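Chemist: Dropping in my_file_15.csv, which is CSV, C-alpha atoms:
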```
chain,number,residue,atom,x,y,z
A,1335,MET,CA,164.8,113.3,2.3
A,1336,HIS,CA,164.0,111.9,5.7
A,1337,ALA,CA,167.5,110.4,6.0
A,1338,GLU,CA,169.1,113.7,5.2
A,1339,LYS,CA,167.1,115.5,7.9
A,1340,ALA,CA,167.8,112.8,10.4
A,1341,ILE,CA,171.6,113.0,9.7
A,1342,GLU,CA,171.4,116.8,10.1
A,1343,GLY,CA,169.7,116.4,13.4
A,1344,LEU,CA,172.3,113.9,14.7
A,1345,LEU,CA,175.1,116.2,13.6
A,1346,SER,CA,173.5,119.1,15.5
A,1347,LEU,CA,173.4,117.0,18.6
A,1348,ALA,CA,177.0,115.9,18.2
A,1349,ALA,CA,178.1,119.5,17.7
A,1350,ARG,CA,176.7,120.3,21.1
A,1351,GLY,CA,178.8,117.5,22.7
A,1352,GLU,CA,175.9,115.0,23.1
A,1353,PRO,CA,176.8,111.3,22.7
A,1354,ILE,CA,175.0,109.7,19.8
A,1355,ASP,CA,173.6,106.3,20.8
A,1356,ALA,CA,170.9,104.0,19.5
A,1357,GLN,CA,168.2,105.7,21.5
A,1358,ASN,CA,169.0,109.1,20.0
A,1359,VAL,CA,169.1,107.7,16.5
A,1360,ARG,CA,165.7,106.1,16.9
A,1361,TYR,CA,164.1,109.1,18.5
A,1362,ILE,CA,165.3,111.6,15.9
A,1363,ILE,CA,164.2,109.3,13.1
A,1364,SER,CA,160.7,109.2,14.7
A,1365,LEU,CA,160.6,113.0,14.9
A,1366,VAL,CA,161.5,113.3,11.2
A,1367,ARG,CA,158.9,110.8,10.1
A,1368,THR,CA,156.2,112.6,12.0
A,1369,GLY,CA,157.2,116.0,10.6
A,1370,ASN,CA,158.7,117.3,13.9
A,1371,GLU,CA,162.3,117.7,12.8
A,1372,GLY,CA,162.1,121.4,13.9
A,1373,LYS,CA,162.0,120.3,17.5
A,1374,ILE,CA,165.3,118.5,17.3
A,1375,GLY,CA,167.0,121.7,18.5
A,1376,GLU,CA,165.1,121.5,21.7
A,1377,LEU,CA,166.7,118.2,22.7
A,1378,ALA,CA,169.3,117.9,25.4
A,1379,ARG,CA,169.2,121.6,26.3
A,1380,GLY,CA,169.7,122.5,29.9
A,1381,VAL,CA,171.1,120.3,32.6
A,1382,VAL,CA,168.5,119.3,35.3
A,1383,CYS,CA,171.1,117.9,37.8
A,1384,VAL,CA,174.6,116.5,38.0
A,1385,THR,CA,175.0,113.1,39.6
A,1386,ALA,CA,177.5,112.2,42.3
A,1387,LYS,CA,179.8,110.8,39.5
A,1388,GLY,CA,179.6,114.0,37.5
A,1389,LYS,CA,177.2,112.9,34.9
A,1390,PRO,CA,174.7,115.6,33.7
A,1391,ILE,CA,171.1,114.6,33.7
A,1392,LYS,CA,169.2,116.0,30.8
A,1393,PRO,CA,165.8,115.3,29.3
A,1394,LYS,CA,166.2,113.1,26.2
A,1395,THR,CA,162.9,113.6,24.4
A,1396,ILE,CA,160.4,116.4,23.7
A,1397,GLY,CA,158.0,114.9,26.2
A,1398,GLN,CA,160.6,114.8,28.9
A,1399,THR,CA,161.6,118.4,28.2
A,1400,ASP,CA,158.0,119.6,28.6
A,1401,TYR,CA,157.7,117.5,31.8
A,1402,VAL,CA,160.8,119.1,33.4
A,1403,GLU,CA,159.6,122.6,32.3
A,1404,ALA,CA,156.2,121.9,33.8
A,1405,ILE,CA,157.8,120.9,37.1
A,1406,ARG,CA,159.8,124.1,37.2
A,1407,LYS,CA,156.8,126.4,36.4
A,1408,ASN,CA,154.0,124.8,38.5
A,1409,THR,CA,153.5,124.0,42.1
A,1410,ILE,CA,151.9,120.6,41.4
A,1411,THR,CA,152.8,118.4,38.4
A,1412,LEU,CA,151.3,115.1,37.4
A,1413,GLY,CA,153.6,113.0,35.2
A,1414,VAL,CA,151.7,110.1,33.7
A,1415,GLY,CA,153.1,107.6,31.2
A,1416,PRO,CA,154.3,104.1,30.6
A,1417,ALA,CA,157.4,102.5,32.2
A,1418,GLY,CA,160.8,103.7,31.1
A,1419,THR,CA,159.8,107.3,30.4
A,1420,GLY,CA,161.9,108.8,33.2
A,1421,LYS,CA,159.0,110.1,35.3
A,1422,THR,CA,160.5,109.2,38.7
A,1423,TYR,CA,164.1,109.8,37.8
A,1424,LEU,CA,163.6,113.2,36.3
A,1425,ALA,CA,161.4,114.2,39.3
A,1426,VAL,CA,164.1,113.2,41.7
A,1427,ALA,CA,166.7,115.1,39.7
A,1428,CYS,CA,164.5,118.2,39.9
A,1429,ALA,CA,164.1,117.7,43.6
A,1430,VAL,CA,167.9,117.4,44.2
A,1431,ALA,CA,168.5,120.5,42.0
A,1432,ALA,CA,166.0,122.5,44.0
A,1433,PHE,CA,167.6,121.3,47.3
A,1434,ARG,CA,171.1,122.2,46.2
A,1435,GLU,CA,169.9,125.6,45.1
A,1436,LYS,CA,168.3,126.0,48.5
A,1437,LYS,CA,164.9,126.6,47.0
A,1438,VAL,CA,163.6,123.9,49.4
A,1439,ASN,CA,164.8,122.7,52.8
A,1440,ARG,CA,163.7,119.1,52.5
A,1441,ILE,CA,163.0,116.3,50.0
A,1442,VAL,CA,160.1,114.0,50.8
A,1443,LEU,CA,159.7,110.9,48.7
A,1444,THR,CA,156.7,108.6,49.2
A,1445,ARG,CA,154.7,105.9,47.5
A,1446,PRO,CA,151.8,103.5,48.4
A,1447,ALA,CA,152.9,100.2,49.8
A,1448,VAL,CA,150.9,98.0,47.4
A,1449,GLU,CA,152.1,94.6,46.2
A,1450,ALA,CA,152.3,94.1,42.4
A,1451,GLY,CA,149.8,91.2,42.2
A,1452,GLU,CA,151.6,89.0,44.7
A,1453,ARG,CA,151.0,88.2,48.4
A,1454,LEU,CA,154.3,88.7,50.0
A,1455,GLY,CA,153.0,87.8,53.5
A,1456,PHE,CA,155.1,88.6,56.6
A,1457,LEU,CA,158.3,90.5,56.1
A,1458,PRO,CA,161.1,90.3,58.7
A,1459,GLY,CA,162.6,93.2,60.5
A,1460,ASP,CA,161.3,96.5,62.0
A,1461,LEU,CA,158.8,98.8,60.3
A,1462,GLN,CA,161.3,100.5,58.1
A,1463,SER,CA,162.7,97.2,56.9
A,1464,LYS,CA,159.2,96.1,56.0
A,1465,VAL,CA,158.5,99.1,53.7
A,1466,ASP,CA,162.0,99.4,52.2
A,1467,PRO,CA,161.3,97.0,49.3
A,1468,TYR,CA,158.5,99.2,48.1
A,1469,LEU,CA,160.7,102.3,48.2
A,1470,ARG,CA,163.7,100.8,46.5
A,1471,PRO,CA,163.3,102.7,43.2
A,1472,LEU,CA,163.4,106.0,45.1
A,1473,TYR,CA,166.5,105.0,47.0
A,1474,ASP,CA,168.2,104.0,43.7
A,1475,ALA,CA,167.5,107.4,42.1
A,1476,LEU,CA,168.8,109.3,45.2
A,1477,PHE,CA,171.9,107.2,45.5
A,1478,ASP,CA,172.6,108.0,41.8
A,1479,MET,CA,172.2,111.7,42.3
A,1480,LEU,CA,173.9,112.1,45.7
A,1481,GLY,CA,176.0,109.1,46.4
A,1482,ALA,CA,175.5,106.8,49.3
A,1483,GLU,CA,177.6,108.8,51.8
A,1484,THR,CA,175.9,112.1,51.1
A,1485,TYR,CA,172.5,110.5,51.0
A,1486,ASN,CA,173.0,109.0,54.5
A,1487,LYS,CA,174.2,112.3,55.9
A,1488,TYR,CA,171.1,114.1,54.6
A,1489,LEU,CA,168.9,111.3,55.8
A,1490,GLU,CA,170.3,111.5,59.4
A,1491,ARG,CA,169.8,115.3,59.4
A,1492,GLY,CA,166.2,114.9,58.3
A,1493,ASP,CA,166.8,116.8,55.0
A,1494,ILE,CA,165.6,113.7,53.1
A,1495,GLU,CA,162.6,111.6,54.0
A,1496,VAL,CA,161.6,108.4,52.3
A,1497,ALA,CA,158.4,107.0,53.7
A,1498,PRO,CA,155.2,105.1,52.7
A,1499,LEU,CA,152.2,107.2,51.9
A,1500,ALA,CA,150.4,106.2,55.1
A,1501,TYR,CA,153.0,108.3,57.1
A,1502,MET,CA,151.7,111.5,55.4
A,1503,ARG,CA,148.3,111.8,57.0
A,1504,GLY,CA,147.9,114.7,59.4
A,1505,ARG,CA,151.1,116.5,58.3
A,1506,THR,CA,151.7,119.9,56.6
A,1507,LEU,CA,154.8,119.9,54.5
A,1508,ASP,CA,156.3,123.4,54.1
A,1509,ASP,CA,159.4,124.3,52.1
A,1510,SER,CA,159.6,120.8,50.7
A,1511,PHE,CA,159.9,119.1,47.4
A,1512,ILE,CA,157.5,116.2,47.6
A,1513,ILE,CA,157.3,113.3,45.1
A,1514,LEU,CA,154.5,110.7,45.1
A,1515,ASP,CA,155.6,107.7,43.0
A,1516,GLU,CA,153.4,104.9,41.7
A,1517,ALA,CA,150.4,107.1,42.3
A,1518,GLN,CA,148.2,104.8,40.2
A,1519,ASN,CA,148.0,102.6,43.2
A,1520,THR,CA,146.5,105.2,45.5
A,1521,SER,CA,142.8,105.2,46.4
A,1522,ARG,CA,140.8,108.3,45.8
A,1523,GLU,CA,140.9,109.0,49.6
A,1524,GLN,CA,144.7,108.6,49.7
A,1525,MET,CA,145.2,111.0,46.8
A,1526,LYS,CA,143.0,113.7,48.3
A,1527,MET,CA,144.8,113.3,51.6
A,1528,PHE,CA,148.2,113.6,49.9
A,1529,LEU,CA,147.3,116.6,47.8
A,1530,THR,CA,146.1,118.5,50.9
A,1531,ARG,CA,149.5,118.0,52.7
A,1532,LEU,CA,150.9,120.9,50.5
A,1533,GLY,CA,152.4,123.7,52.6
A,1534,PHE,CA,153.9,127.1,51.8
A,1535,GLY,CA,157.0,127.1,49.6
A,1536,SER,CA,156.6,123.5,48.6
A,1537,LYS,CA,156.4,121.8,45.2
A,1538,VAL,CA,154.7,118.5,44.5
A,1539,VAL,CA,155.3,115.9,41.7
A,1540,ILE,CA,153.0,113.0,41.2
A,1541,THR,CA,154.0,110.1,38.9
A,1542,GLY,CA,152.3,107.0,37.8
A,1543,ASP,CA,151.3,104.6,35.0
A,1544,VAL,CA,147.6,104.1,34.7
A,1545,THR,CA,148.1,100.9,32.7
A,1546,GLN,CA,149.7,99.2,35.7
A,1547,ILE,CA,147.2,99.5,38.5
A,1548,ASP,CA,147.6,96.9,41.3
A,1549,LEU,CA,144.5,97.9,43.2
A,1550,PRO,CA,141.5,95.5,43.7
A,1551,ALA,CA,139.0,95.7,40.8
A,1552,ASP,CA,136.4,97.5,42.9
A,1553,LYS,CA,138.8,100.3,43.9
A,1554,ILE,CA,139.0,103.5,41.9
A,1555,SER,CA,142.6,104.7,41.2
A,1556,GLY,CA,143.2,108.1,42.8
A,1557,LEU,CA,145.5,109.1,40.0
A,1558,LYS,CA,143.0,108.5,37.3
A,1559,GLU,CA,140.4,110.5,39.2
A,1560,ALA,CA,142.8,113.3,40.0
A,1561,MET,CA,143.6,113.7,36.3
A,1562,ARG,CA,139.9,114.3,35.6
A,1563,VAL,CA,139.3,116.5,38.6
A,1564,LEU,CA,142.4,118.7,38.4
A,1565,GLU,CA,142.4,119.3,34.6
A,1566,GLY,CA,142.5,123.0,34.0
A,1567,VAL,CA,143.2,124.0,37.6
A,1568,GLU,CA,145.6,127.0,37.8
A,1569,ASP,CA,149.2,126.1,38.8
A,1570,ILE,CA,148.6,122.4,38.3
A,1571,ALA,CA,150.1,120.7,35.2
A,1572,ILE,CA,149.3,117.3,33.8
A,1573,CYS,CA,152.0,115.9,31.5
A,1574,ARG,CA,151.2,112.8,29.5
A,1575,LEU,CA,154.3,110.9,28.3
A,1576,THR,CA,154.0,108.3,25.6
A,1577,GLY,CA,155.9,105.3,24.3
A,1578,ALA,CA,157.9,107.7,22.2
A,1579,ASP,CA,159.5,109.0,25.4
A,1580,VAL,CA,160.7,105.6,26.6
A,1581,VAL,CA,164.5,105.7,27.1
A,1582,ARG,CA,165.1,102.1,28.2
A,1583,HIS,CA,165.9,99.1,26.0
A,1584,VAL,CA,164.2,99.3,22.5
A,1585,LEU,CA,162.2,96.2,23.4
A,1586,VAL,CA,160.4,98.2,26.1
A,1587,GLN,CA,159.0,100.5,23.5
A,1588,ARG,CA,157.9,97.5,21.4
A,1589,ILE,CA,156.3,95.8,24.4
A,1590,ILE,CA,154.4,98.9,25.3
A,1591,ALA,CA,153.2,99.4,21.7
A,1592,ALA,CA,152.1,95.7,21.5
A,1593,TYR,CA,150.1,96.0,24.6
A,1594,GLU,CA,148.5,99.3,23.5
A,1595,LYS,CA,147.5,97.7,20.2
A,1596,TYR,CA,146.1,94.6,21.9
A,1597,ASP,CA,144.1,96.7,24.4
A,1598,SER,CA,142.7,98.9,21.6
A,1599,SER,CA,141.6,95.8,19.6
A,1600,ARG,CA,139.9,94.4,22.7
A,1601,LYS,CA,137.9,97.6,23.2
A,1602,LYS,CA,136.7,97.7,19.6
A,1603,SER,CA,135.7,94.0,19.2
A,1604,PRO,CA,132.4,92.8,20.8
A,1605,PRO,CA,132.6,90.2,23.6
A,1606,ALA,CA,133.1,86.7,22.2
A,1607,GLN,CA,130.3,84.2,22.6
A,1608,SER,CA,130.9,80.5,23.2
A,1609,HIS,CA,130.9,78.2,20.2
A,1610,ALA,CA,128.1,76.1,21.6
A,1611,SER,CA,125.8,79.1,22.1
A,1612,GLN,CA,126.5,80.3,18.5
A,1613,SER,CA,125.9,77.0,16.8
A,1614,ARG,CA,122.9,75.7,18.8
A,1615,PRO,CA,119.6,77.1,17.5
A,1616,ALA,CA,117.1,78.5,20.0
A,1617,GLN,CA,114.6,75.8,21.0
A,1618,SER,CA,111.0,76.7,21.5
A,1619,GLN,CA,109.2,75.2,24.4
A,1620,PRO,CA,106.3,72.9,23.4
A,1621,ASP,CA,102.8,74.0,24.3
A,1622,ARG,CA,101.7,72.1,27.4
A,1623,LYS,CA,98.0,71.7,28.2
A,1624,PRO,CA,97.2,72.3,31.8
A,1625,GLY,CA,96.5,69.1,33.7
A,1626,PRO,CA,93.6,68.6,36.0
A,1627,ALA,CA,93.7,70.7,39.0
A,1628,ARG,CA,94.5,69.1,42.4
A,1629,GLY,CA,91.4,67.9,44.1
A,1630,ILE,CA,89.2,67.7,41.0
A,1631,PRO,CA,87.5,64.2,40.5
A,1632,TYR,CA,88.7,62.1,37.6
A,1633,ARG,CA,87.9,58.5,36.7
A,1634,GLY,CA,87.7,56.5,39.8
A,1635,GLY,CA,88.9,59.1,42.4
A,1636,VAL,CA,90.0,62.6,43.4
A,1637,ARG,CA,93.4,63.7,42.1
A,1638,GLY,CA,95.6,64.6,45.0
A,1639,LYS,CA,93.9,62.5,47.6
A,1640,ARG,CA,94.8,59.0,48.5
A,1641,SER,CA,92.1,56.3,48.6
```
When written as structure tokens, how does the structure in this file appear?

Modeler:
Amino acid sequence: MHAEKAIEGLLSLAARGEPIDAQNVRYIISLVRTGNEGKIGELARGVVCVTAKGKPIKPKTIGQTDYVEAIRKNTITLGVGPAGTGKTYLAVACAVAAFREKKVNRIVLTRPAVEAGERLGFLPGDLQSKVDPYLRPLYDALFDMLGAETYNKYLERGDIEVAPLAYMRGRTLDDSFIILDEAQNTSREQMKMFLTRLGFGSKVVITGDVTQIDLPADKISGLKEAMRVLEGVEDIAICRLTGADVVRHVLVQRIIAAYEKYDSSRKKSPPAQSHASQSRPAQSQPDRKPGPARGIPYRGGVRGKRS
């Protein structure tokens, strides 16, 4: 029964001209197994953007579809989920589409310059060269959408700005499509600062993965706090993508699932005690009688005084 429904779903995708690959097959099978085969018709509907090479960008999962729809309908959207779910790529696609349709006059891409557990030390070059490594994923998405030549033209005109989060303080961004990537590495102060940069006619997308926080242990993630604070606020959407929305290599899904299982088991099990402390019985201290007080006479002299 499941196989029949999965084949019907794949045939419906093929009839709409969608390529059938391993990722599509896995995802449709997962929908059928969970009883969501009725949602197969929602897949690959509507092109978000067309890349410089003519490739249409479409959401590939139900979660991605809801994410793109939330970006279109709301002024601020938080896209939270594991690696490989297309959070940043789809956000950049929506930004390029809005820019081409002249809904905004500028695209602003930013992320905190936080090292992923390493100490990179001194980096050569000017200030832009120092922060470029942190912004490389945003550059890659823009190059894919626009092409290098068009990107450089827009960059020189100021229509596109790619900058670290520290550059945002004190600014008001009107008529802009603003994307904050890797937001799990913002502090609570940075997140509040960024959210209050919103100007008239602008749209904001915040993306991050709360399972990959590179902040010091004593720092609170601004993204995790924002998800609690902004829940239910009008015109703000919070989209939670899952491992089912991963569109990278199948091993990425398995790795994410393995870590989720491991983390959940650690939370349920009590903290382990050392073998020595478990095997060694508690020893009671022997009762000790108080000795003679200092300065009290005993036998041939006074305790505590030299003869």

Chemist: Restricting the calculation to only C-alpha atoms: of A:Val1567, A:Leu1472, A:Val1538, A:Leu1575, which residue gets closest to Arg1445 of chain A?

Modeler: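 Once distances to Arg1445 of chain A are computed over only C-alpha atoms, the minimum belongs to A:Leu1472.
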
Chemist: Skipping near chain neighbours, those fewer than 5 positions away, what residues fall within 9 Å of Phe1528 of chain A using all atoms listed in the file, listed as a list in words?

Modeler: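 Everything that qualifies: Leu1499, Met1502, Arg1503, Leu1514 and Glu1523 of chain A.
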
Chemist: Ranking A:Ala1427, A:Cys1383, A:Leu1489, A:Leu1557 by minimum distance to Thr1545 of chain A and counting all atoms listed in the file, which one comes first?

Modeler: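 Smallest separation from Thr1545 of chain A among the options: A:Leu1557.
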
Chemist: Please provide the set of residues having any atom within 10 Å of segment 1432-1436 of chain A, restricted to only C-alpha atoms, with same-chain residues fewer than 3 positions apart removed, written as an NGL selection string.

Modeler: :A and (1382-1383 or 1406 or 1426-1429 or 1439-1441 or 1493-1494 or 1509-1511 or 1537)

Chemist: Quick one: what's the axis-aligned box for segment 1572-1583 of chain A, all listed atoms, 6 Å on every side, centre and edges in Å to one decimal, as JSON?

Modeler:
```
{"center_x": 157.6, "center_y": 108.2, "center_z": 28.0, "size_x": 28.6, "size_y": 30.2, "size_z": 23.6}
```

Chemist: In Å, rounded to a single decimal, give me how far atom CA of Leu1564 of chain A is from atom CA of Arg1600 of chain A.

Modeler: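 These two atoms are separated by 29.0 Å.
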
Chemist: Go through A:Ile1405, A:Val1584, A:Val1496, A:Leu1480 one by one, measure the shortest atom-to-atom distance of each to Ile1540 of chain A using only C-alpha atoms, and give the residue with the smallest value.

Modeler: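 Residue with the minimum atom-to-atom distance to Ile1540 of chain A: A:Ile1405.
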
Chemist: Counting all atoms listed in the file, figure out which residue out of A:Ile1590, A:Ala1340, A:Ala1356, A:Met1525 gets nearest to Gly1556 of chain A.

Modeler: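 Smallest distance to Gly1556 of chain A is found for A:Met1525.
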
Chemist: In terms of the shortest atom-to-atom distance over all atoms listed in the file, which of A:Gly1504, A:Thr1399, A:Asn1519, A:Leu1424 is closest to Ala1551 of chain A?

Modeler: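 Nearest to Ala1551 of chain A: A:Asn1519.
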
Chemist: What's the separation between atom CA of Lys1407 of chain A and atom CA of Glu1568 of chain A, in Å to one decimal place?

Modeler: 11.3 Å

Chemist: In the coordinate frame of the file, compute which residues have an atom within 10 Å of (165.4, 111.2, 40.9) when using only C-alpha atoms, and state them as an MDAnalysis selection string.

Modeler: chainID A and resid 1383 1385 1391 1420:1431 1443 1471:1480 1513

Chemist: So that I can see what lies close to Thr1419 of chain A, please list as a compact mmCIF listing (two decimals) with C-alpha atoms, in the frame of the given file the residues with an atom at most 6 Å from it, counting all atoms listed in the file and leaving out residues fewer than 5 positions away in the same chain.

Modeler:
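Result went into selection-v5.txt, see below:
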```txt
# COMPACT_ATOMS: atom_id res chain seq x y z
CA ASP A 1579 159.50 109.00 25.40
CA VAL A 1580 160.70 105.60 26.60
CA VAL A 1581 164.50 105.70 27.10
```

Chemist: Have a look at A:Ile1396, A:Leu1585, A:Ala1337, A:Val1384 and name the one nearest to Gly1481 of chain A; count only C-alpha atoms.

Modeler: A:Val1384

Chemist: What does the distance from atom CA of Arg1531 of chain A to atom CA of Thr1409 of chain A come to in Å, to one decimal?

Modeler: 12.8 Å

Chemist: Got a sec: who's within 9 Å of Gly1577 of chain A, counting all atoms listed in the file, leaving out chain neighbours fewer than 5 positions off, as JSON, numbers by chain?

Modeler: {"A": [1415, 1416, 1417, 1418, 1419, 1586, 1587, 1588, 1590, 1591]}
